[in-house]
Every structure is written in structure tokens, then in C-alpha cells.
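coords_4.pdb (PDB, C-alpha atoms)
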ATOM      1  CA  MET A 185       0.000   0.000   0.000
ATOM      2  CA  PHE A 186       2.877   2.375   0.794
ATOM      3  CA  GLY A 187       4.182   1.849  -2.750
ATOM      4  CA  SER A 188       1.049   3.469  -4.152
ATOM      5  CA  PHE A 189       0.442   5.907  -1.286
ATOM      6  CA  PRO A 190       3.842   6.868   0.168
ATOM      7  CA  ARG A 191       2.393   9.700   2.273
ATOM      8  CA  LEU A 192       0.415   7.161   4.312
ATOM      9  CA  GLN A 193       3.665   6.534   6.204
ATOM     10  CA  ASP A 194       3.467  10.046   7.631
ATOM     11  CA  PHE A 195      -0.042   9.629   9.040
ATOM     12  CA  ASN A 196      -1.913   7.215  11.265
ATOM     13  CA  PHE A 197      -4.171   4.884   9.337
ATOM     14  CA  GLU A 198      -5.992   1.610   9.819
ATOM     15  CA  VAL A 199      -7.519  -0.929   7.424
ATOM     16  CA  THR A 200     -11.220  -1.155   8.305
ATOM     17  CA  SER A 201     -12.704  -3.678   5.837
ATOM     18  CA  PRO A 202     -11.786  -6.624   3.639
ATOM     19  CA  ALA A 203     -11.050  -5.898  -0.020
ATOM     20  CA  THR A 204     -14.099  -5.842  -2.284
ATOM     21  CA  ARG A 205     -14.982  -4.674  -5.775
ATOM     22  CA  ILE A 206     -18.664  -4.210  -4.971
ATOM     23  CA  TYR A 207     -18.416  -0.462  -4.317
ATOM     24  CA  ASN A 208     -15.849   2.220  -4.978
ATOM     25  CA  CYS A 209     -14.675   5.326  -3.174
ATOM     26  CA  ILE A 210     -17.317   7.636  -4.594
ATOM     27  CA  ALA A 211     -20.085   5.259  -3.551
ATOM     28  CA  TRP A 212     -18.484   4.885  -0.121
ATOM     29  CA  ALA A 213     -18.303   8.648   0.380
ATOM     30  CA  ALA A 214     -21.951   8.784  -0.708
ATOM     31  CA  GLU A 215     -22.685   6.056   1.879
ATOM     32  CA  ASP A 216     -23.701   3.492  -0.723
ATOM     33  CA  ASN A 217     -21.833   0.201  -0.311
ATOM     34  CA  LEU A 218     -23.690  -1.721  -3.009
ATOM     35  CA  ARG A 219     -22.699   0.041  -6.223
ATOM     36  CA  TRP A 220     -19.900   1.658  -8.170
ATOM     37  CA  TRP A 221     -20.488   5.339  -8.733
ATOM     38  CA  TRP A 222     -18.666   6.836 -11.686
ATOM     39  CA  SER A 223     -19.502   9.359 -14.371
ATOM     40  CA  ASP A 224     -18.302   7.131 -17.205
ATOM     41  CA  PRO A 225     -19.902   8.231 -20.471
ATOM     42  CA  GLU A 226     -20.104   4.515 -21.359
ATOM     43  CA  ASN A 227     -22.863   4.173 -18.728
ATOM     44  CA  ILE A 228     -21.364   1.109 -17.011
ATOM     45  CA  CYS A 229     -21.510   2.532 -13.488
ATOM     46  CA  TRP A 230     -24.266   4.138 -11.484
ATOM     47  CA  TRP A 231     -24.474   7.922 -11.508
ATOM     48  CA  PRO A 232     -27.179  10.151 -10.073
ATOM     49  CA  PRO A 233     -29.891  10.695 -12.681
ATOM     50  CA  GLY A 234     -29.734  14.101 -14.310
ATOM     51  CA  VAL A 235     -26.066  14.704 -13.463
ATOM     52  CA  ARG A 236     -23.782  14.976 -16.483
ATOM     53  CA  ARG A 237     -21.638  11.939 -17.196
ATOM     54  CA  GLU A 238     -18.268  13.558 -17.729
ATOM     55  CA  LEU A 239     -14.880  13.312 -16.033
ATOM     56  CA  THR A 240     -14.823  16.754 -14.460
ATOM     57  CA  ILE A 241     -14.747  18.031 -10.910
ATOM     58  CA  ALA A 242     -17.936  19.956 -11.675
ATOM     59  CA  ALA A 243     -19.777  16.726 -12.496
ATOM     60  CA  PHE A 244     -18.620  15.151  -9.220
ATOM     61  CA  VAL A 245     -19.604  18.245  -7.220
ATOM     62  CA  ASP A 246     -23.013  18.060  -8.898
ATOM     63  CA  ALA A 247     -23.293  14.358  -8.007
ATOM     64  CA  PHE A 248     -22.662  15.098  -4.319
ATOM     65  CA  SER A 249     -24.979  18.088  -4.469
ATOM     66  CA  THR A 250     -27.811  15.601  -5.085
ATOM     67  CA  LEU A 251     -27.053  14.400  -1.529
ATOM     68  CA  GLY A 252     -27.129  17.904  -0.081
ATOM     69  CA  TYR A 253     -23.396  18.663  -0.225
ATOM     70  CA  ARG A 254     -22.090  22.094  -1.195
ATOM     71  CA  LEU A 255     -18.538  23.340  -1.807
ATOM     72  CA  HIS A 256     -16.803  24.138   1.486
ATOM     73  CA  PHE A 257     -13.571  25.862   2.368
ATOM     74  CA  ASP A 258     -11.682  23.396   4.549
ATOM     75  CA  SER A 259     -11.271  19.943   6.030
ATOM     76  CA  SER A 260     -11.544  20.779   9.730
ATOM     77  CA  LEU A 261     -14.037  18.927  11.913
ATOM     78  CA  GLU A 262     -17.070  21.169  12.386
ATOM     79  CA  ALA A 263     -19.968  20.280  14.611
ATOM     80  CA  GLY A 264     -23.131  19.910  12.594
ATOM     81  CA  PHE A 265     -21.414  19.208   9.254
ATOM     82  CA  GLU A 266     -20.482  16.114   7.264
ATOM     83  CA  LYS A 267     -17.629  16.540   4.818
ATOM     84  CA  VAL A 268     -16.204  14.914   1.714
ATOM     85  CA  ALA A 269     -12.808  15.544   0.100
ATOM     86  CA  LEU A 270     -12.496  15.205  -3.671
ATOM     87  CA  TYR A 271      -9.160  14.281  -5.243
ATOM     88  CA  ALA A 272      -7.982  14.789  -8.805
ATOM     89  CA  ARG A 273      -4.939  14.252 -10.964
ATOM     90  CA  SER A 274      -3.694  16.881 -13.330
ATOM     91  CA  LEU A 275      -3.166  15.955 -16.978
ATOM     92  CA  THR A 276      -0.370  17.519 -19.024
ATOM     93  CA  THR A 277      -3.037  19.792 -20.521
ATOM     94  CA  GLY A 278      -3.749  21.123 -17.027
ATOM     95  CA  GLU A 279      -7.149  19.456 -17.019
ATOM     96  CA  LEU A 280      -8.149  17.911 -13.677
ATOM     97  CA  ILE A 281      -9.411  14.324 -13.734
ATOM     98  CA  PRO A 282     -11.361  13.141 -10.664
ATOM     99  CA  THR A 283      -9.798  10.102  -9.006
ATOM    100  CA  HIS A 284     -11.021   9.628  -5.437
ATOM    101  CA  ALA A 285     -13.263  10.798  -2.606
ATOM    102  CA  ALA A 286     -12.871  10.471   1.164
ATOM    103  CA  LEU A 287     -15.551  10.872   3.827
ATOM    104  CA  GLN A 288     -14.939  12.604   7.145
ATOM    105  CA  LEU A 289     -16.078  10.613  10.159
ATOM    106  CA  GLY A 290     -17.592  12.087  13.317
ATOM    107  CA  SER A 291     -14.205  11.628  15.009
ATOM    108  CA  GLY A 292     -12.550  13.980  12.530
ATOM    109  CA  LEU A 293     -10.705  11.055  10.930
ATOM    110  CA  TRP A 294     -11.335  10.247   7.271
ATOM    111  CA  SER A 295     -12.575   7.057   5.634
ATOM    112  CA  SER A 296     -11.637   5.947   2.134
ATOM    113  CA  LYS A 297     -12.380   2.973  -0.059
ATOM    114  CA  LEU A 298      -9.211   2.308  -2.025
ATOM    115  CA  GLY A 299     -10.409   1.364  -5.493
ATOM    116  CA  MET A 300     -11.008  -2.403  -5.553
ATOM    117  CA  ARG A 301      -9.154  -2.910  -2.277
ATOM    118  CA  GLU A 302     -10.001  -2.227   1.358
ATOM    119  CA  ASP A 303     -11.566   0.677   3.242
ATOM    120  CA  ILE A 304      -9.122   2.531   5.431
ATOM    121  CA  MET A 305      -9.486   5.141   8.152
ATOM    122  CA  HIS A 306      -6.834   7.845   7.827
ATOM    123  CA  GLU A 307      -5.800  10.829   9.848
ATOM    124  CA  ALA A 308      -5.967  13.455   7.122
ATOM    125  CA  PRO A 309      -7.080  13.700   3.493
ATOM    126  CA  GLU A 310      -3.477  14.474   2.489
ATOM    127  CA  ALA A 311      -2.413  10.948   3.497
ATOM    128  CA  LEU A 312      -3.683   9.632   0.148
ATOM    129  CA  GLU A 313      -2.185  12.321  -2.052
ATOM    130  CA  SER A 314      -0.095  10.422  -4.560
ATOM    131  CA  GLU A 315       0.549   9.716  -8.227
ATOM    132  CA  VAL A 316      -2.505   7.446  -8.127
ATOM    133  CA  TYR A 317      -5.025   9.941  -6.700
ATOM    134  CA  GLY A 318      -3.285  13.275  -7.257
ATOM    135  CA  LYS A 319      -4.244  15.916  -4.715
ATOM    136  CA  VAL A 320      -7.303  17.076  -2.819
ATOM    137  CA  VAL A 321      -8.899  19.700  -5.043
ATOM    138  CA  CYS A 322     -11.974  20.639  -3.025
ATOM    139  CA  TYR A 323     -14.078  19.912   0.016
ATOM    140  CA  LEU A 324     -17.820  19.522   0.219
ATOM    141  CA  ALA A 325     -20.023  19.771   3.294
ATOM    142  CA  ARG A 326     -23.648  19.255   4.225
ATOM    143  CA  PRO A 327     -25.558  19.683   7.446
ATOM    144  CA  ALA A 328     -25.231  16.537   9.557
ATOM    145  CA  ARG A 329     -28.324  14.407   9.610
ATOM    146  CA  THR A 330     -29.818  13.657  12.986
ATOM    147  CA  SER A 331     -30.175   9.957  13.695
TER     148      SER A 331
ATOM    149  CA  MET B 109       0.683 -12.739 -23.695
ATOM    150  CA  HIS B 110      -1.597 -15.431 -22.314
ATOM    151  CA  PHE B 111      -5.161 -14.365 -21.392
ATOM    152  CA  ASN B 112      -4.736 -15.279 -17.710
ATOM    153  CA  LYS B 113      -1.561 -13.230 -17.459
ATOM    154  CA  LEU B 114      -3.312 -10.212 -19.001
ATOM    155  CA  VAL B 115      -6.115 -10.641 -16.456
ATOM    156  CA  ASP B 116      -3.666 -10.810 -13.542
ATOM    157  CA  ARG B 117      -1.736  -7.743 -14.694
ATOM    158  CA  CYS B 118      -4.895  -5.768 -15.353
ATOM    159  CA  LYS B 119      -6.174  -6.530 -11.859
ATOM    160  CA  LYS B 120      -2.835  -5.673 -10.269
ATOM    161  CA  GLU B 121      -2.492  -2.355 -12.101
ATOM    162  CA  THR B 122      -6.033  -1.220 -11.333
ATOM    163  CA  GLU B 123      -6.390  -2.450  -7.753
ATOM    164  CA  PHE B 124      -6.481   1.064  -6.272
ATOM    165  CA  VAL B 125      -8.448   2.607  -9.139
ATOM    166  CA  SER B 126     -12.035   3.806  -8.693
ATOM    167  CA  SER B 127     -12.398   5.204 -12.179
ATOM    168  CA  MET B 128     -14.176   2.861 -14.570
ATOM    169  CA  THR B 129     -12.657   4.905 -17.368
ATOM    170  CA  GLU B 130      -9.142   4.252 -16.085
ATOM    171  CA  VAL B 131      -9.858   0.538 -15.757
ATOM    172  CA  ALA B 132     -11.163   0.396 -19.329
ATOM    173  CA  ILE B 133      -8.131   2.158 -20.803
ATOM    174  CA  ASN B 134      -5.622   0.052 -18.869
ATOM    175  CA  SER B 135      -3.260  -1.410 -21.464
ATOM    176  CA  HIS B 136      -3.891  -5.006 -20.377
ATOM    177  CA  TYR B 137      -7.675  -4.495 -20.387
ATOM    178  CA  GLN B 138      -7.316  -3.118 -23.902
ATOM    179  CA  ARG B 139      -5.149  -6.060 -24.980
ATOM    180  CA  ILE B 140      -7.853  -8.420 -23.747
ATOM    181  CA  ILE B 141     -10.371  -6.565 -25.917
ATOM    182  CA  GLY B 142      -7.829  -6.790 -28.728
ATOM    183  CA  ILE B 143      -8.069 -10.586 -28.656
ATOM    184  CA  GLY B 144     -11.518 -10.148 -30.153
ATOM    185  CA  PRO B 145     -14.829 -11.980 -29.693
ATOM    186  CA  ASP B 146     -12.966 -15.284 -29.162
ATOM    187  CA  CYS B 147     -12.286 -14.182 -25.598
ATOM    188  CA  ILE B 148     -15.972 -13.644 -24.705
ATOM    189  CA  PRO B 149     -16.247 -17.203 -23.251
ATOM    190  CA  LEU B 150     -12.999 -16.622 -21.314
ATOM    191  CA  LEU B 151     -14.322 -13.369 -19.838
ATOM    192  CA  LEU B 152     -17.593 -15.046 -18.895
ATOM    193  CA  GLU B 153     -15.631 -17.844 -17.239
ATOM    194  CA  GLN B 154     -13.642 -15.194 -15.370
ATOM    195  CA  LEU B 155     -16.841 -13.592 -14.129
ATOM    196  CA  ARG B 156     -18.159 -16.957 -13.049
ATOM    197  CA  ASN B 157     -14.950 -17.727 -11.139
ATOM    198  CA  GLU B 158     -14.944 -14.320  -9.470
ATOM    199  CA  GLY B 159     -18.354 -15.075  -7.972
ATOM    200  CA  ASP B 160     -19.607 -12.381  -5.594
ATOM    201  CA  ASP B 161     -16.621 -10.124  -6.176
ATOM    202  CA  PRO B 162     -16.593  -9.646  -9.956
ATOM    203  CA  PHE B 163     -14.035  -7.537 -11.754
ATOM    204  CA  PRO B 164     -15.638  -5.034 -14.159
ATOM    205  CA  TRP B 165     -15.235  -6.939 -17.415
ATOM    206  CA  PHE B 166     -18.606  -5.486 -18.454
ATOM    207  CA  TRP B 167     -17.232  -2.802 -20.749
ATOM    208  CA  ALA B 168     -15.058  -5.338 -22.584
ATOM    209  CA  LEU B 169     -17.987  -7.733 -22.943
ATOM    210  CA  ARG B 170     -20.183  -4.985 -24.324
ATOM    211  CA  VAL B 171     -17.540  -3.904 -26.849
ATOM    212  CA  LEU B 172     -16.817  -7.473 -27.947
ATOM    213  CA  SER B 173     -20.406  -8.686 -28.152
ATOM    214  CA  GLY B 174     -22.115  -5.519 -29.349
ATOM    215  CA  VAL B 175     -24.900  -6.036 -26.814
ATOM    216  CA  ASP B 176     -25.556  -5.099 -23.201
ATOM    217  CA  PRO B 177     -27.907  -7.356 -21.245
ATOM    218  CA  VAL B 178     -27.670  -5.253 -18.050
ATOM    219  CA  PRO B 179     -30.917  -3.449 -17.160
ATOM    220  CA  GLU B 180     -30.567   0.299 -16.606
ATOM    221  CA  SER B 181     -31.581  -0.133 -12.967
ATOM    222  CA  ASP B 182     -28.607  -2.447 -12.303
ATOM    223  CA  ARG B 183     -25.855  -0.077 -13.507
ATOM    224  CA  GLY B 184     -22.991  -0.110 -11.022
ATOM    225  CA  SER B 185     -24.259  -3.167  -9.133
ATOM    226  CA  PHE B 186     -21.439  -5.482 -10.141
ATOM    227  CA  ARG B 187     -23.022  -8.653  -8.742
ATOM    228  CA  LEU B 188     -26.234  -8.043 -10.661
ATOM    229  CA  MET B 189     -24.307  -7.009 -13.777
ATOM    230  CA  SER B 190     -22.246 -10.191 -13.568
ATOM    231  CA  LYS B 191     -25.416 -12.246 -13.209
ATOM    232  CA  ALA B 192     -26.960 -10.549 -16.266
ATOM    233  CA  TRP B 193     -23.870 -11.283 -18.356
ATOM    234  CA  LEU B 194     -23.667 -14.901 -17.196
ATOM    235  CA  GLN B 195     -27.327 -15.403 -18.080
ATOM    236  CA  TRP B 196     -26.639 -13.829 -21.464
ATOM    237  CA  GLY B 197     -23.645 -16.189 -21.790
ATOM    238  CA  CYS B 198     -25.855 -19.234 -21.317
ATOM    239  CA  ARG B 199     -27.903 -18.128 -24.307
ATOM    240  CA  TYR B 200     -24.817 -17.015 -26.276
ATOM    241  CA  ARG B 201     -22.892 -20.245 -26.367
ATOM    242  CA  GLY B 202     -24.096 -22.389 -23.534
ATOM    243  CA  VAL B 203     -21.179 -21.091 -21.419
TER     244      VAL B 203
END

Take the structure in this file and express it as C-alpha cells.
Amino acid sequence: MFGSFPRLQDFNFEVTSPATRIYNCIAWAAEDNLRWWWSDPENICWWPPGVRRELTIAAFVDAFSTLGYRLHFDSSLEAGFEKVALYARSLTTGELIPTHAALQLGSGLWSSKLGMREDIMHEAPEALESEVYGKVVCYLARPARTS
Amino acid sequence: MHFNKLVDRCKKETEFVSSMTEVAINSHYQRIIGIGPDCIPLLLEQLRNEGDDPFPWFWALRVLSGVDPVPESDRGSFRLMSKAWLQWGCRYRGV
């Protein structure tokens, strides 16, 4: 895992599930552990109806907006808010390609599904910044739901 | 390269990938598609062997067969998509 995510060595993290291909990171951040969410124009994966199927940050922000999320300014733990971090890799053209999403837990730690591998809990969104996922490009937040 | 080796390399190179697009353009995934329709039974056998944890061979199967038996409501549900393809496979060649 460190080979793909070298910055994980600088942060506390813990594997929290067995590996599975049944859901991906976007689904996990959207609290859906039964499907793959992706905006593939080929229409293989699930994507919220009405949201454009294109590989842009805007399309991913729109997808999370269907769940009540809005763009937010930081990753700090704030009472009354749930947060998601979106990651993207930069192409040589400068275009940003979405790669990953992480969900902030009530403890302030973050939870990520790593592609077709395990879920992990990690100390900070930056722990997964890498050649694979690129960097965090924005945060989203929504009012916490009362249980 | 042998089909099974392409499968292994494709899985290894995409293990941390969440992007269906990135999986589909992986060079080994593309080489599998490059084998042509002859590999449809091999991909169906793969899906069968992967059971409840199927790898997304769905794009390759659609490209190679020219059909898509997955109902719109099952998009992204890999277990249901796998089941739809395996049922299609039974009709296709008794796989």
C-alpha cells in the first residue's frame, strides 16, 4: 500500500474492511456500499440521474450536491457538518481528472475505499495524495443528519 | 501474452483505481479486448470464477459482443451485472 500511497507513512491509518470490488470510493463517500459510482460516459456505473456523465470536478460536485453537499472551504471537523474531500490528478493539458473521494467521520478522521481494495481510516485527506489519486482539489459539506 | 496473465496484470495495475474509465483504458484491459470476440467465453468464465466479487469486465464484454444485457436499474451493481452477463452467456454459447 505504501508503494502506491507513500504519504500514508506520515499519518496514522488503519484498514477497516476486507477488499471488495462491490463499491468504490465515490459510492463509499456517498454512503452506498452496493454500487460503483462513476460518471463514465459509457454508462457502465451508477451515476445520479440528471447529473452529467463527464470526467470533471464539476460533475462530481453536482453528483454530491444531489445528496445535499455544497462546496466548502476546509477539512476541519465542524460540529453539525459532514464533509467529503475530492481528489484529482492533473493531466499535461492542465485538465483535472477526478480520481477519489474520502468521507470525514464524526471523530474527525477520514474514511476511504481504495479502489477495488479495502476501506481505510486515515488521519488526514493528504495521506492519500499520490501519483494514483493526485491531490485534494476541493471539500464539500452538508448539514449533519440527525439519527 | 496469455489471457490469464493479461487478467492478472490488469487486476494488479487497477487495484487502487475507482475510475471505470481508467480501468477500461488500462493497457492489459485493452489487450484483452484486442483478442476479439474469441475471448468472450474466457471473460464469462472469469466472471463466473470471481463469484460475488466480480471484476468489471462489463465494458469489454459490451464492446466485444455488441450487446448489453444489463438493465438500466442495475448499472454499477457489479453482482447483478455479472449475473446478467452470465445469463446472457448461457444463451450465447451455452457457457

Contacts between chain B and chain A, please, where a residue of chain A counts if it comes within 10 Å (with all atoms listed in the file); show its shortest atom pair and distance in Å to one decimal, rows by chain and ascending number, as CSV.
residue,atom,partner,partner_atom,distance
A:Met185,CA,B:Phe124,CA,9.1
A:Ser188,CA,B:Phe124,CA,8.2
A:Phe189,CA,B:Phe124,CA,9.8
A:Ala203,CA,B:Asp161,CA,9.3
A:Thr204,CA,B:Asp161,CA,6.3
A:Arg205,CA,B:Asp161,CA,5.7
A:Ile206,CA,B:Phe186,CA,6.0
A:Tyr207,CA,B:Ser185,CA,8.0
A:Asn208,CA,B:Ser126,CA,5.6
A:Cys209,CA,B:Ser126,CA,6.3
A:Ile210,CA,B:Ser126,CA,7.7
A:Ala211,CA,B:Gly184,CA,9.6
A:Asn217,CA,B:Ser185,CA,9.7
A:Leu218,CA,B:Ser185,CA,6.3
A:Arg219,CA,B:Ser185,CA,4.6
A:Trp220,CA,B:Gly184,CA,4.6
A:Trp221,CA,B:Gly184,CA,6.4
A:Trp222,CA,B:Ser127,CA,6.5
A:Ser223,CA,B:Met128,CA,8.4
A:Asp224,CA,B:Thr129,CA,6.1
A:Pro225,CA,B:Thr129,CA,8.6
A:Glu226,CA,B:Trp167,CA,7.9
A:Asn227,CA,B:Arg183,CA,7.4
A:Ile228,CA,B:Arg183,CA,5.8
A:Cys229,CA,B:Gly184,CA,3.9
A:Trp230,CA,B:Gly184,CA,4.5
A:Trp231,CA,B:Gly184,CA,8.2
A:Leu239,CA,B:Thr129,CA,8.8
A:Ile281,CA,B:Ser127,CA,9.7
A:Pro282,CA,B:Ser127,CA,8.1
A:Thr283,CA,B:Ser127,CA,6.4
A:His284,CA,B:Ser126,CA,6.7
A:Ala285,CA,B:Ser126,CA,9.4
A:Lys297,CA,B:Ser126,CA,8.7
A:Leu298,CA,B:Phe124,CA,5.2
A:Gly299,CA,B:Phe124,CA,4.0
A:Met300,CA,B:Glu123,CA,5.1
A:Arg301,CA,B:Glu123,CA,6.2
A:Glu302,CA,B:Phe124,CA,9.0
A:Val316,CA,B:Val125,CA,7.7
A:Tyr317,CA,B:Val125,CA,8.5

Quick one: residues within 8 Å of range 258-272 of chain A, only C-alpha atoms counted, chain neighbours fewer than 3 positions away excluded, as a ChimeraX atom specification? /A:213,241,253,280-292,309,313,317-328

Check what the PyMOL selection byres ((chain B and resi 168) around 10) selects in the file above and give those residues as a tab-separated table (two decimals) with C-alpha atoms, in the frame of the given file.
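Writing the result to out_1.tsv gives the following:
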chain	number	residue	atom	x	y	z
B	132	ALA	CA	-11.16	0.40	-19.33
B	137	TYR	CA	-7.68	-4.50	-20.39
B	138	GLN	CA	-7.32	-3.12	-23.90
B	140	ILE	CA	-7.85	-8.42	-23.75
B	141	ILE	CA	-10.37	-6.56	-25.92
B	142	GLY	CA	-7.83	-6.79	-28.73
B	144	GLY	CA	-11.52	-10.15	-30.15
B	145	PRO	CA	-14.83	-11.98	-29.69
B	147	CYS	CA	-12.29	-14.18	-25.60
B	148	ILE	CA	-15.97	-13.64	-24.70
B	151	LEU	CA	-14.32	-13.37	-19.84
B	164	PRO	CA	-15.64	-5.03	-14.16
B	165	TRP	CA	-15.24	-6.94	-17.42
B	166	PHE	CA	-18.61	-5.49	-18.45
B	167	TRP	CA	-17.23	-2.80	-20.75
B	169	LEU	CA	-17.99	-7.73	-22.94
B	170	ARG	CA	-20.18	-4.99	-24.32
B	171	VAL	CA	-17.54	-3.90	-26.85
B	172	LEU	CA	-16.82	-7.47	-27.95
B	173	SER	CA	-20.41	-8.69	-28.15
B	174	GLY	CA	-22.12	-5.52	-29.35

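From CA of Ser190 in chain B back to CA of Phe248 in chain A, the distance works out to 26.9 Å.
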
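Minimum atom-to-atom distances from A:Gln193, A:Leu255, A:Ala214, A:Glu307 to Ala242 in chain A were compared using all atoms listed in the file, and the lowest value belongs to A:Leu255.
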
The distance between CA of Glu158 in chain B and CA of Arg237 in chain A is 28.2 Å

One decimal place gives the CA of Leu192 in chain A-CA of Asp216 in chain A separation as 24.9 Å
